[in-house]
$ cat target_4.pdb   # PDB, C-alpha atoms
ATOM      1  CA  MET J  29     -48.236  30.799 -39.828
ATOM      2  CA  ILE J  30     -47.720  30.053 -43.529
ATOM      3  CA  GLY J  31     -46.778  26.367 -43.805
ATOM      4  CA  ARG J  32     -46.872  25.750 -47.540
ATOM      5  CA  LEU J  33     -47.331  27.746 -50.729
ATOM      6  CA  SER J  34     -48.326  26.525 -54.158
ATOM      7  CA  GLY J  35     -48.049  28.808 -57.149
ATOM      8  CA  ILE J  36     -46.282  29.839 -60.331
ATOM      9  CA  LEU J  37     -42.521  30.466 -60.250
ATOM     10  CA  LEU J  38     -41.929  34.005 -61.561
ATOM     11  CA  GLU J  39     -38.260  34.689 -60.772
ATOM     12  CA  LYS J  40     -35.155  32.771 -59.729
ATOM     13  CA  ASN J  41     -32.297  34.860 -58.323
ATOM     14  CA  PRO J  42     -30.224  32.635 -56.027
ATOM     15  CA  PRO J  43     -30.988  32.204 -53.186
ATOM     16  CA  GLN J  44     -34.255  34.108 -53.656
ATOM     17  CA  ILE J  45     -37.314  33.205 -55.694
ATOM     18  CA  LEU J  46     -40.597  34.956 -56.443
ATOM     19  CA  LEU J  47     -43.715  32.802 -56.297
ATOM     20  CA  ASP J  48     -47.119  34.001 -57.575
ATOM     21  CA  VAL J  49     -49.931  32.555 -55.473
ATOM     22  CA  GLN J  50     -53.255  33.638 -57.025
ATOM     23  CA  GLY J  51     -52.065  37.155 -57.811
ATOM     24  CA  VAL J  52     -49.943  37.699 -54.680
ATOM     25  CA  ALA J  53     -46.194  37.319 -55.287
ATOM     26  CA  TYR J  54     -44.180  35.990 -52.328
ATOM     27  CA  GLU J  55     -40.438  36.547 -52.108
ATOM     28  CA  ARG J  56     -38.680  33.742 -50.295
ATOM     29  CA  ASP J  57     -35.153  32.564 -49.749
ATOM     30  CA  VAL J  58     -34.413  28.904 -50.421
ATOM     31  CA  PRO J  59     -31.345  26.716 -49.834
ATOM     32  CA  MET J  60     -29.398  25.850 -52.970
ATOM     33  CA  SER J  61     -30.504  22.211 -52.676
ATOM     34  CA  THR J  62     -34.077  23.405 -53.233
ATOM     35  CA  PHE J  63     -33.061  26.007 -55.815
ATOM     36  CA  TYR J  64     -31.416  23.410 -58.072
ATOM     37  CA  ASN J  65     -34.583  21.281 -58.033
ATOM     38  CA  LEU J  66     -36.944  24.086 -59.030
ATOM     39  CA  PRO J  67     -38.780  23.830 -62.349
ATOM     40  CA  VAL J  68     -38.335  26.344 -65.161
ATOM     41  CA  LEU J  69     -39.954  29.773 -64.883
ATOM     42  CA  HIS J  70     -43.747  30.019 -65.182
ATOM     43  CA  GLU J  71     -44.217  26.430 -63.987
ATOM     44  CA  LYS J  72     -46.195  25.416 -60.906
ATOM     45  CA  VAL J  73     -44.226  24.704 -57.739
ATOM     46  CA  VAL J  74     -45.135  23.660 -54.193
ATOM     47  CA  LEU J  75     -42.787  24.606 -51.355
ATOM     48  CA  HIS J  76     -42.911  24.103 -47.597
ATOM     49  CA  THR J  77     -42.306  27.370 -45.783
ATOM     50  CA  GLN J  78     -41.007  28.862 -42.583
ATOM     51  CA  LEU J  79     -42.056  32.379 -41.648
ATOM     52  CA  ILE J  80     -39.793  34.337 -39.328
ATOM     53  CA  VAL J  81     -41.165  37.555 -37.883
ATOM     54  CA  ARG J  82     -38.762  40.234 -36.703
ATOM     55  CA  GLU J  83     -39.155  43.829 -35.627
ATOM     56  CA  ASP J  84     -38.119  45.115 -39.020
ATOM     57  CA  ALA J  85     -39.214  42.317 -41.382
ATOM     58  CA  HIS J  86     -41.281  39.238 -42.064
ATOM     59  CA  LEU J  87     -38.964  36.717 -43.706
ATOM     60  CA  LEU J  88     -40.252  33.721 -45.644
ATOM     61  CA  TYR J  89     -38.065  30.692 -46.361
ATOM     62  CA  GLY J  90     -38.971  27.863 -48.725
ATOM     63  CA  PHE J  91     -37.986  24.187 -48.886
ATOM     64  CA  SER J  92     -38.631  21.401 -51.351
ATOM     65  CA  SER J  93     -39.320  18.866 -48.590
ATOM     66  CA  SER J  94     -40.702  18.894 -45.070
ATOM     67  CA  GLU J  95     -37.485  17.149 -43.907
ATOM     68  CA  GLU J  96     -35.445  20.120 -45.123
ATOM     69  CA  ARG J  97     -37.755  22.506 -43.253
ATOM     70  CA  ILE J  98     -37.421  20.397 -40.079
ATOM     71  CA  ALA J  99     -33.614  20.541 -40.404
ATOM     72  CA  PHE J 100     -33.831  24.335 -40.853
ATOM     73  CA  ARG J 101     -35.895  24.597 -37.669
ATOM     74  CA  GLN J 102     -33.414  22.393 -35.772
ATOM     75  CA  LEU J 103     -30.553  24.619 -36.913
ATOM     76  CA  LEU J 104     -32.381  27.772 -35.785
ATOM     77  CA  LYS J 105     -32.663  26.387 -32.248
ATOM     78  CA  ILE J 106     -28.873  26.439 -31.917
ATOM     79  CA  SER J 107     -27.369  29.491 -30.229
ATOM     80  CA  GLY J 108     -25.592  31.704 -32.747
ATOM     81  CA  VAL J 109     -27.296  30.189 -35.800
ATOM     82  CA  GLY J 110     -29.649  32.487 -37.654
ATOM     83  CA  PRO J 111     -31.638  31.950 -40.843
ATOM     84  CA  LYS J 112     -28.762  32.952 -43.143
ATOM     85  CA  LEU J 113     -26.351  30.492 -41.568
ATOM     86  CA  ALA J 114     -28.998  27.749 -41.475
ATOM     87  CA  LEU J 115     -29.613  28.253 -45.213
ATOM     88  CA  SER J 116     -25.878  28.185 -45.810
ATOM     89  CA  VAL J 117     -25.569  24.841 -43.984
ATOM     90  CA  LEU J 118     -28.443  23.351 -45.975
ATOM     91  CA  SER J 119     -26.944  24.726 -49.185
ATOM     92  CA  GLY J 120     -23.486  23.339 -48.392
ATOM     93  CA  LEU J 121     -24.512  19.800 -47.418
ATOM     94  CA  SER J 122     -27.391  17.518 -48.299
ATOM     95  CA  LEU J 123     -29.505  16.356 -45.357
ATOM     96  CA  ASN J 124     -27.895  12.909 -45.542
ATOM     97  CA  ASP J 125     -24.364  14.383 -45.648
ATOM     98  CA  LEU J 126     -25.215  16.616 -42.687
ATOM     99  CA  ALA J 127     -26.492  13.600 -40.746
ATOM    100  CA  ILE J 128     -23.329  11.632 -41.547
ATOM    101  CA  ALA J 129     -21.098  14.583 -40.605
ATOM    102  CA  VAL J 130     -22.926  14.923 -37.269
ATOM    103  CA  ALA J 131     -22.877  11.174 -36.564
ATOM    104  CA  ASN J 132     -19.149  10.959 -37.343
ATOM    105  CA  LYS J 133     -18.361  14.288 -35.630
ATOM    106  CA  GLU J 134     -16.715  15.663 -38.766
ATOM    107  CA  ALA J 135     -16.161  19.293 -37.848
ATOM    108  CA  GLY J 136     -13.835  19.735 -40.830
ATOM    109  CA  ARG J 137     -16.661  19.020 -43.214
ATOM    110  CA  LEU J 138     -18.810  21.705 -41.588
ATOM    111  CA  THR J 139     -16.070  24.351 -41.523
ATOM    112  CA  ARG J 140     -15.941  24.280 -45.338
ATOM    113  CA  ILE J 141     -19.421  25.829 -45.380
ATOM    114  CA  PRO J 142     -19.216  29.635 -45.733
ATOM    115  CA  GLY J 143     -19.890  31.299 -42.383
ATOM    116  CA  VAL J 144     -19.183  28.203 -40.270
ATOM    117  CA  GLY J 145     -16.042  28.492 -38.186
ATOM    118  CA  LYS J 146     -14.485  25.916 -35.907
ATOM    119  CA  LYS J 147     -16.471  26.918 -32.804
ATOM    120  CA  THR J 148     -19.757  27.009 -34.715
ATOM    121  CA  ALA J 149     -19.018  23.623 -36.278
ATOM    122  CA  GLU J 150     -18.352  22.112 -32.851
ATOM    123  CA  ARG J 151     -21.560  23.642 -31.486
ATOM    124  CA  LEU J 152     -23.505  22.255 -34.462
ATOM    125  CA  LEU J 153     -22.071  18.786 -33.895
ATOM    126  CA  LEU J 154     -22.947  18.894 -30.214
ATOM    127  CA  GLU J 155     -26.464  20.312 -30.592
ATOM    128  CA  LEU J 156     -27.474  18.187 -33.601
ATOM    129  CA  GLN J 157     -26.285  14.874 -32.160
ATOM    130  CA  GLY J 158     -29.139  12.387 -32.481
ATOM    131  CA  LYS J 159     -31.438  14.822 -34.333
ATOM    132  CA  PHE J 160     -30.842  13.439 -37.849
ATOM    133  CA  VAL J 161     -30.712   9.936 -39.243
ATOM    134  CA  ALA J 162     -28.333   9.200 -42.105
ATOM    135  CA  THR J 163     -29.524   6.975 -44.910
ATOM    136  CA  VAL J 164     -26.981   4.180 -45.203
ATOM    137  CA  PRO J 165     -26.853   1.908 -48.244
ATOM    138  CA  SER J 166     -28.080  -1.605 -47.412
ATOM    139  CA  GLY J 167     -25.314  -3.954 -46.312
ATOM    140  CA  ALA J 168     -23.104  -1.128 -45.011
ATOM    141  CA  LYS J 169     -21.998  -1.178 -41.407
ATOM    142  CA  GLY J 170     -21.736   1.761 -39.013
ATOM    143  CA  ALA J 171     -18.009   1.187 -38.512
ATOM    144  CA  ALA J 172     -17.439   1.297 -42.259
ATOM    145  CA  ILE J 173     -19.180   4.691 -42.445
ATOM    146  CA  THR J 174     -16.958   6.045 -39.691
ATOM    147  CA  HIS J 175     -13.854   4.702 -41.418
ATOM    148  CA  THR J 176     -14.953   6.221 -44.716
ATOM    149  CA  GLY J 177     -15.447   9.547 -42.931
ATOM    150  CA  ASP J 178     -11.978   9.288 -41.383
ATOM    151  CA  VAL J 179     -10.441   8.508 -44.781
ATOM    152  CA  LEU J 180     -12.372  11.394 -46.335
ATOM    153  CA  ASN J 181     -11.142  13.818 -43.660
ATOM    154  CA  ALA J 182      -7.550  12.624 -44.096
ATOM    155  CA  LEU J 183      -7.697  13.193 -47.862
ATOM    156  CA  LEU J 184      -9.199  16.633 -47.369
ATOM    157  CA  ALA J 185      -6.438  17.482 -44.896
ATOM    158  CA  LEU J 186      -3.878  16.416 -47.503
ATOM    159  CA  GLY J 187      -5.289  18.994 -49.910
ATOM    160  CA  TYR J 188      -7.521  16.936 -52.176
ATOM    161  CA  SER J 189     -10.832  18.477 -53.208
ATOM    162  CA  GLU J 190     -14.071  17.271 -51.642
ATOM    163  CA  LYS J 191     -15.147  15.736 -54.967
ATOM    164  CA  GLU J 192     -11.884  13.788 -55.365
ATOM    165  CA  SER J 193     -11.903  12.716 -51.723
ATOM    166  CA  GLU J 194     -15.507  11.497 -51.835
ATOM    167  CA  TRP J 195     -14.876   9.609 -55.070
ATOM    168  CA  ALA J 196     -11.813   7.838 -53.645
ATOM    169  CA  ALA J 197     -13.577   7.036 -50.345
ATOM    170  CA  LYS J 198     -16.523   5.500 -52.209
ATOM    171  CA  GLN J 199     -14.177   3.178 -54.124
ATOM    172  CA  LEU J 200     -12.920   1.543 -50.929
ATOM    173  CA  PRO J 201     -14.242  -1.816 -49.709
ATOM    174  CA  ALA J 202     -16.578  -1.594 -46.697
ATOM    175  CA  GLU J 203     -14.327  -3.633 -44.388
ATOM    176  CA  VAL J 204     -11.156  -1.573 -44.938
ATOM    177  CA  GLY J 205      -9.462   0.030 -41.915
ATOM    178  CA  VAL J 206      -8.556   3.698 -41.736
ATOM    179  CA  SER J 207      -4.821   3.465 -42.441
ATOM    180  CA  ASP J 208      -5.274   0.930 -45.258
ATOM    181  CA  GLY J 209      -8.138   3.007 -46.607
ATOM    182  CA  ILE J 210      -5.976   6.122 -46.768
ATOM    183  CA  ARG J 211      -3.200   4.203 -48.571
ATOM    184  CA  GLN J 212      -5.641   2.696 -51.061
ATOM    185  CA  ALA J 213      -7.358   6.036 -51.664
ATOM    186  CA  LEU J 214      -4.023   7.760 -52.296
ATOM    187  CA  LYS J 215      -3.145   5.070 -54.840
ATOM    188  CA  LEU J 216      -6.486   5.551 -56.574
ATOM    189  CA  LEU J 217      -6.017   9.317 -56.678
ATOM    190  CA  SER J 218      -2.461   9.067 -57.995
ATOM    191  CA  LYS J 219      -3.656   6.861 -60.900
ATOM    192  CA  GLY J 220      -6.536   9.179 -61.792
TER     193      GLY J 220
END
$ encode --input "target_4.pdb" --output "structure tokens"
Amino acid sequence: MIGRLSGILLEKNPPQILLDVQGVAYERDVPMSTFYNLPVLHEKVVLHTQLIVREDAHLLYGFSSSEERIAFRQLLKISGVGPKLALSVLSGLSLNDLAIAVANKEAGRLTRIPGVGKKTAERLLLELQGKFVATVPSGAKGAAITHTGDVLNALLALGYSEKESEWAAKQLPAEVGVSDGIRQALKLLSKG
């Protein structure tokens, strides 16, 4: 299996790139998180890879980190999730955001990813439970993360964008409860 490729970046056509490795150009699909971190054309790049062999094709996927590739492999193990959907999930959420969404069972956050419906989101939450670890800022408590997730989901349900909702949720003190957090976040959003 091809585990890693190092070469010169020839083309960038989201989500596909063309990588020249000593005269052989490899086409590979990458999640948008990797795509945005790629260097300019004709620069050297190293990507971790996952090769998927099918009857009609050999598909190569690239990732900027081994953690991203591990997450891709975990997603592929889930019934009904193929490479396209796994790339979509990794493009729609960072690994940390995915871990937080799974830990807090935030199906609503997953359903905003193109191709992920309610049933798929619930299956992802069930199958990925305990597979990822979220990076939590020092001093934060697990309950505070859950409350922030609840506040975020409430704001999203009220029609605020994900960017606005995340901004307002981050402004809240760590010890705030859900109902007070929603009130405070709405006040912040009405001022801004």
$ resolve_selection --input "target_4.pdb" --expression "the PyMOL selection byres ((chain J and resi 180) around 9)" --output "number ranges by chain"
J: 175-179, 181-185, 190, 193-194, 196-197, 210
$ atom_distance --input "target_4.pdb" --atom1 "CA of Leu154 (chain J)" --atom2 "CA of Pro59 (chain J)"
22.7 Å
$ resolve_selection --input "target_4.pdb" --expression "the PyMOL selection byres ((chain J and resi 73) around 8)" --output "list in words"
Ser34, Gly35, Ile36, Leu37, Leu66, Pro67, Glu71, Lys72, Val74 and Leu75 of chain J
$ residues_near_point --input "target_4.pdb" --point "(-50.1, 33.9, -54.6)" --cutoff "9 Å" --atoms "all atoms listed in the file" --output "ChimeraX atom specification"
/J:33-36,47-54
$ resolve_selection --input "target_4.pdb" --expression "the PyMOL selection byres ((chain J and resi 118-133) around 8)" --output "list in words"
Pro59, Met60, Ser61, Glu96, Ala99, Phe100, Ala114, Leu115, Ser116, Val117, Glu134, Ala135, Arg137, Leu138, Ile141, Leu152, Leu153, Leu156, Gln157, Gly158, Phe160, Val161, Ala162, Thr163, Thr174 and Gly177 of chain J
$ closest_residue --input "target_4.pdb" --among "J:Gly205, J:Gly110, J:Gly187, J:Gly143" --to "Ile80 (chain J)" --atoms "all atoms listed in the file"
J:Gly110
$ residues_around --input "target_4.pdb" --residues "Val58 (chain J)" --least-positions-apart "5" --cutoff "6 Å" --atoms "all atoms listed in the file" --output "NGL selection string"
:J and (43 or 89-90)
$ write_last_selection --input "target_4.pdb" --atoms "C-alpha atoms" --output "PDB file, in the coordinates of the input"
ATOM      1  CA  PRO J  43     -30.988  32.204 -53.186  1.00  0.00           C
ATOM      2  CA  TYR J  89     -38.065  30.692 -46.361  1.00  0.00           C
ATOM      3  CA  GLY J  90     -38.971  27.863 -48.725  1.00  0.00           C
TER       4      GLY J  90
END
$ atom_distance --input "target_4.pdb" --atom1 "CA of Gln212 (chain J)" --atom2 "CA of Leu186 (chain J)"
14.3 Å
